[in-house]
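Trainee: Here's a structure for you.
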Amino acid sequence: MWKIRRLDELSTREWYDITKLRVDTFVVEQQCAYPEIDDKDLTALHVTNFDDDLKAYARIIEGDDIYIGRVIVNQHFRGRGLSRELMNCCLDYIDEHYPDKTVKLQGQAHFADFYRSYGFKDTSVIYFEDMIPHVDMERLYEKNL
């Protein structure tokens, strides 16, 4: 089941599972040594799909623009359409709560077509962050198109 909660609404175990999945994916699997946990976690909205295990996760960062980040599907649950469900959940929430804001993300370049399928457009050239090609993208709301 998809849930969107603030950090203080998560149990200690849920936060542990989220940080473990993020570190296992972004630091270990992708071999990037960087501070995965940051101050943005304190105020972000954490989007989760827990059953017995954490299946997928993303965070939404509120501000002048809205950012979606840390989009992950647990490797044990990949290939089941959860990435689409996760993005739909994030964008549905944003569309409902922030109808006047642009949505931005820094996507890994090999996922750019996935994000484009949701109406995101490239706003940068491909650049390397932690040795992985990324591209900045944004989605304007229909009234801005």
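Residue numbers start at 1 in each chain; chains themselves are named A, B, ... in the order of the structure tokens; ligands are numbered from 1 in the order shown.
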Please identify every residue of range 54-94 of chain A that has at least one atom no farther than 10 Å from an atom of range 35-48 of chain A, counting only C-alpha atoms, and for each give the shortest atom pair and the distance in Å to one decimal, arranged by chain then increasing number, as a tab-separated table.
Mentor:
```
residue	atom	partner	partner_atom	distance
A:Leu54	CA	A:Thr48	CA	7.2
A:Lys55	CA	A:Thr48	CA	7.6
A:Ala56	CA	A:Thr48	CA	5.8
A:Tyr57	CA	A:Thr48	CA	4.7
A:Ala58	CA	A:Val47	CA	5.1
A:Arg59	CA	A:His46	CA	4.6
A:Ile60	CA	A:Leu45	CA	5.0
A:Ile61	CA	A:Ala44	CA	4.9
A:Glu62	CA	A:Ala44	CA	6.9
A:Tyr67	CA	A:Ala44	CA	9.6
A:Ile68	CA	A:Leu45	CA	9.6
A:Gly69	CA	A:Ala44	CA	9.9
A:Arg70	CA	A:Glu36	CA	9.4
A:Val71	CA	A:Val47	CA	9.3
A:Ile72	CA	A:Thr48	CA	9.8
A:Val73	CA	A:Thr48	CA	10.0
A:Leu86	CA	A:Val47	CA	7.8
A:Met87	CA	A:Val47	CA	9.7
A:Cys89	CA	A:Val47	CA	8.0
A:Cys90	CA	A:Val47	CA	7.2
A:Tyr93	CA	A:Val47	CA	9.9
```
Trainee: From range 4-145 of chain A, collect each residue whose DSSP state is helix (DSSP H, G or I) and return the set as a PyMOL selection string.
Mentor: chain A and resi 7-9+12-29+39-42+75-77+82-97+109-116+142-144
Trainee: So how many Å separate CA of Leu140 in chain A and CA of Arg84 in chain A, to one decimal?
Mentor: 18.9 Å
Trainee: Pick the closest to Gly63 in chain A from A:Leu91, A:Val103, A:Val125, A:Val27: which is it, counting only C-alpha atoms?
Mentor: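 Of all the options, A:Val103 lies closest to Gly63 in chain A.
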Trainee: What's around Thr25 in chain A at 10 Å? Count only C-alpha atoms, leave out sequence neighbours fewer than 5 positions away in its own chain, and write the answer as a PyMOL selection string.
Mentor: chain A and resi 19-20+30-32+70+72-75
Trainee: What are the closest atom pairs, with distances in Å to one decimal, for each residue of range 17-121 of chain A lying within 10 Å of range 132-136 of chain A, using only C-alpha atoms, rows by chain and rising residue number, as a Markdown table?
Mentor:
```
| residue | atom | partner | partner_atom | distance |
| --- | --- | --- | --- | --- |
| A:Gln30 | CA | A:Ile132 | CA | 8.4 |
| A:Gln31 | CA | A:Ile132 | CA | 9.6 |
| A:Cys32 | CA | A:Ile132 | CA | 8.5 |
| A:Lys104 | CA | A:Asp136 | CA | 7.4 |
| A:Leu105 | CA | A:Asp136 | CA | 6.0 |
| A:Gln106 | CA | A:Asp136 | CA | 4.5 |
| A:Gly107 | CA | A:His134 | CA | 5.4 |
| A:Gln108 | CA | A:His134 | CA | 4.2 |
| A:Ala109 | CA | A:His134 | CA | 4.6 |
| A:His110 | CA | A:Pro133 | CA | 7.8 |
| A:Phe111 | CA | A:His134 | CA | 9.0 |
| A:Ala112 | CA | A:Val135 | CA | 7.5 |
| A:Phe120 | CA | A:Asp136 | CA | 9.5 |
| A:Lys121 | CA | A:Asp136 | CA | 8.4 |
```
Trainee: May I have the selected residues written with C-alpha atoms, as a PDB file, in the first residue's frame?
Mentor:
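What follows is the written file part31.pdb:
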```pdb
ATOM      1  CA  GLN A  30      25.816   1.964  -7.813  1.00  0.00           C
ATOM      2  CA  GLN A  31      29.197   2.238  -6.071  1.00  0.00           C
ATOM      3  CA  CYS A  32      28.860   5.911  -5.114  1.00  0.00           C
ATOM      4  CA  LYS A 104      11.699  18.975 -11.037  1.00  0.00           C
ATOM      5  CA  LEU A 105      14.041  16.046 -10.714  1.00  0.00           C
ATOM      6  CA  GLN A 106      17.644  15.061 -11.336  1.00  0.00           C
ATOM      7  CA  GLY A 107      17.278  11.746 -13.086  1.00  0.00           C
ATOM      8  CA  GLN A 108      19.879   9.223 -14.000  1.00  0.00           C
ATOM      9  CA  ALA A 109      20.234   9.629 -17.762  1.00  0.00           C
ATOM     10  CA  HIS A 110      19.350   6.000 -18.546  1.00  0.00           C
ATOM     11  CA  PHE A 111      15.918   6.629 -16.953  1.00  0.00           C
ATOM     12  CA  ALA A 112      15.240   9.836 -18.908  1.00  0.00           C
ATOM     13  CA  PHE A 120       9.176  15.708 -18.031  1.00  0.00           C
ATOM     14  CA  LYS A 121      11.476  17.662 -20.346  1.00  0.00           C
TER      15      LYS A 121
END
```
Trainee: Which residue is closest to Phe114 in chain A? Choose from A:Met137, A:Val23, A:Asp130, A:Phe50 and count only C-alpha atoms.
Mentor: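 Smallest separation from Phe114 in chain A among the options: A:Met137.
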Trainee: Write down as number ranges by chain the residues belonging to chain A that are assigned strand (DSSP E or B) by DSSP computed on the backbone.
Mentor: A: 2-6, 45-50, 54-61, 66-73, 103-108, 121-122, 127-129, 132-139
Trainee: In terms of the shortest atom-to-atom distance over only C-alpha atoms, which of A:Ile126, A:Met131, A:Leu21, A:Ala33 is closest to His76 in chain A?
Mentor: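 Going through A:Ile126, A:Met131, A:Leu21, A:Ala33 one by one, the smallest distance to His76 in chain A is for A:Leu21.
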Trainee: So, with only C-alpha atoms as the atoms that count, which of A:Asp52, A:Ile4, A:Asp113, A:Ile18 lies closest to Ile94 in chain A?
Mentor: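 Answer, going by the shortest atom-to-atom distance: A:Ile4.
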